[in-house]
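Peer 1: Data file data38.json (JSON, C-alpha atoms) is appended below.
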```json
[["chain", "number", "residue", "atom", "x", "y", "z"],
["K", 1, "MET", "CA", 0.00, 0.00, 0.00],
["K", 2, "GLN", "CA", 2.79, 2.40, 0.85],
["K", 3, "SER", "CA", 4.63, 1.73, -2.43],
["K", 4, "SER", "CA", 1.52, 2.63, -4.48],
["K", 5, "PHE", "CA", 1.24, 5.92, -2.53],
["K", 6, "ILE", "CA", 4.86, 6.74, -3.29],
["K", 7, "ALA", "CA", 4.39, 5.85, -6.96],
["K", 8, "ARG", "CA", 1.30, 8.08, -7.25],
["K", 9, "THR", "CA", 3.08, 10.93, -5.50],
["K", 10, "ALA", "CA", 6.10, 10.60, -7.78],
["K", 11, "THR", "CA", 3.86, 10.51, -10.86],
["K", 12, "ALA", "CA", 2.01, 13.63, -9.75],
["K", 13, "ALA", "CA", 5.31, 15.43, -9.07],
["K", 14, "LEU", "CA", 6.66, 14.54, -12.53],
["K", 15, "PHE", "CA", 3.43, 15.73, -14.13],
["K", 16, "ALA", "CA", 3.65, 19.04, -12.23],
["K", 17, "VAL", "CA", 7.26, 19.52, -13.32],
["K", 18, "THR", "CA", 6.26, 19.12, -16.97],
["K", 19, "LEU", "CA", 3.61, 21.86, -16.62],
["K", 20, "VAL", "CA", 5.87, 24.45, -14.95],
["K", 21, "PRO", "CA", 7.57, 25.77, -18.15],
["K", 22, "ALA", "CA", 4.21, 26.36, -19.81],
["K", 23, "ALA", "CA", 2.96, 28.29, -16.78],
["K", 24, "PHE", "CA", 6.02, 30.54, -16.71],
["K", 25, "ALA", "CA", 5.84, 31.15, -20.45],
["K", 26, "GLN", "CA", 2.22, 32.22, -20.13],
["K", 27, "THR", "CA", 2.93, 34.76, -17.40],
["K", 28, "ALA", "CA", 5.89, 36.18, -19.32],
["K", 29, "THR", "CA", 3.73, 37.02, -22.32],
["K", 30, "ARG", "CA", 1.16, 38.72, -20.11],
["K", 31, "ALA", "CA", 3.84, 40.86, -18.47],
["K", 32, "ASP", "CA", 4.53, 42.67, -21.76],
["K", 33, "TYR", "CA", 0.88, 43.66, -22.31],
["K", 34, "GLY", "CA", 1.56, 47.37, -22.84],
["K", 35, "VAL", "CA", 4.47, 46.87, -25.24],
["K", 36, "ASN", "CA", 3.79, 47.38, -28.94],
["K", 37, "PRO", "CA", 5.54, 44.49, -30.77],
["K", 38, "TYR", "CA", 5.44, 46.43, -34.06],
["K", 39, "ALA", "CA", 7.09, 49.61, -32.73],
["K", 40, "GLY", "CA", 10.53, 48.70, -34.07],
["K", 41, "ALA", "CA", 9.32, 47.69, -37.51],
["K", 42, "VAL", "CA", 10.17, 50.09, -40.29],
["K", 43, "LYS", "CA", 6.90, 49.84, -42.13],
["K", 44, "ALA", "CA", 4.12, 52.19, -43.11],
["K", 45, "PRO", "CA", 1.10, 52.06, -40.81],
["K", 46, "VAL", "CA", -1.87, 50.10, -42.05],
["K", 47, "CYS", "CA", -5.09, 52.09, -42.32],
["K", 48, "THR", "CA", -8.54, 50.55, -42.18],
["K", 49, "GLN", "CA", -11.22, 51.37, -44.75],
["K", 50, "LEU", "CA", -13.01, 53.55, -42.20],
["K", 51, "GLU", "CA", -9.83, 55.51, -41.47],
["K", 52, "LEU", "CA", -9.22, 56.07, -45.16],
["K", 53, "ALA", "CA", -12.84, 57.14, -45.69],
["K", 54, "ALA", "CA", -12.56, 59.59, -42.79],
["K", 55, "GLY", "CA", -9.45, 61.12, -44.35],
["K", 56, "ILE", "CA", -7.04, 59.84, -41.72],
["K", 57, "THR", "CA", -3.67, 58.96, -43.17],
["K", 58, "GLY", "CA", -0.05, 58.50, -42.17],
["K", 59, "ASP", "CA", 0.93, 58.35, -38.53],
["K", 60, "GLU", "CA", -2.63, 58.82, -37.27],
["K", 61, "CYS", "CA", -3.74, 55.41, -38.60],
["K", 62, "GLY", "CA", -4.26, 52.95, -35.77],
["K", 63, "GLN", "CA", -4.00, 55.67, -33.11],
["K", 64, "LYS", "CA", -7.67, 56.56, -32.72],
["K", 65, "SER", "CA", -10.49, 54.42, -31.35],
["K", 66, "LEU", "CA", -13.34, 53.24, -33.53],
["K", 67, "SER", "CA", -15.71, 55.80, -32.04],
["K", 68, "GLU", "CA", -13.25, 58.64, -32.67],
["K", 69, "VAL", "CA", -12.81, 57.62, -36.31],
["K", 70, "ALA", "CA", -16.57, 57.27, -36.78],
["K", 71, "PHE", "CA", -17.06, 60.76, -35.28],
["K", 72, "ILE", "CA", -14.45, 62.25, -37.63],
["K", 73, "LYS", "CA", -16.10, 60.53, -40.60],
["K", 74, "SER", "CA", -19.56, 61.74, -39.60],
["K", 75, "LYS", "CA", -18.24, 65.32, -39.33],
["K", 76, "LYS", "CA", -16.63, 64.98, -42.76],
["K", 77, "ASP", "CA", -19.82, 63.54, -44.30],
["K", 78, "ASN", "CA", -21.98, 66.31, -42.81],
["K", 79, "THR", "CA", -19.79, 69.15, -44.07],
["K", 80, "ASN", "CA", -19.83, 68.10, -47.73]]
```
Would you encode the structure as structure tokens?

Peer 2:
Amino acid sequence: MQSSFIARTATAALFAVTLVPAAFAQTATRADYGVNPYAGAVKAPVCTQLELAAGITGDECGQKSLSEVAFIKSKKDNTN
């Protein structure tokens, strides 16, 4: 009876050791939540159709929220 307890304990410990790297990798990716992974890329910003229709170009693309872009587009549509 005691040998089966030791075997189960050892099996559970080995299983836990195999899960530890995955747990640490998951917390490491969450730690960099505020970092923009594309900041170092030398590439033109990608504009959505709504941003292009609102007249937003260049560095402003991807910087405004959806509601801000929709407001800018509605102002542009109402002035024409």

Peer 1: Mind giving me the straight-line distance from CA of Ala70 (chain K) to CA of Thr48 (chain K) in Å, one decimal?

Peer 2: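 Value for the CA of Ala70 (chain K)-CA of Thr48 (chain K) distance: 11.8 Å.
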
Peer 1: For a cut-off of 6 Å around (-1.2, 51.8, -39.2), file coordinates, pick out all residues using all atoms listed in the file and list them as an mmCIF file with C-alpha atoms, keeping the file's coordinate frame.

Peer 2:
```cif
data_model
loop_
_atom_site.group_PDB
_atom_site.id
_atom_site.type_symbol
_atom_site.label_atom_id
_atom_site.label_comp_id
_atom_site.auth_asym_id
_atom_site.auth_seq_id
_atom_site.Cartn_x
_atom_site.Cartn_y
_atom_site.Cartn_z
ATOM 1 C CA PRO K 45 1.100 52.060 -40.810
ATOM 2 C CA VAL K 46 -1.870 50.100 -42.050
ATOM 3 C CA CYS K 47 -5.090 52.090 -42.320
ATOM 4 C CA CYS K 61 -3.740 55.410 -38.600
ATOM 5 C CA GLY K 62 -4.260 52.950 -35.770
#
```

Peer 1: For Phe71 (chain K), work out the shell of residues within 10 Å, counting only C-alpha atoms and skipping chain neighbours fewer than 6 positions away, then give it as a PyMOL selection string.

Peer 2: chain K and resi 54+65+77

Peer 1: Rank nothing, just name the residue among K:Ile56, K:Ser3, K:Lys64, K:Val20 nearest to Lys76 (chain K), using all atoms listed in the file.

Peer 2: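 Distance minimum relative to Lys76 (chain K) lands on K:Ile56.
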
Peer 1: For CA of Leu66 (chain K) and CA of Gln49 (chain K), quote the distance in Å rounded to one decimal.

Peer 2: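 Pair CA of Leu66 (chain K) / CA of Gln49 (chain K) returns 11.6 Å.
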
Peer 1: Quick one: everything within 9 Å of Gly55 (chain K), counting only C-alpha atoms, minus sequence neighbours fewer than 2 positions away in the same chain. Send it as a PyMOL selection string.

Peer 2: chain K and resi 50-53+57+72-73+76

Peer 1: Have a look at CA of Asp59 (chain K) and CA of Asn78 (chain K) and let me know their distance in Å, one decimal.

Peer 2: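 If I compute the distance from CA of Asp59 (chain K) to CA of Asn78 (chain K), I get 24.6 Å.
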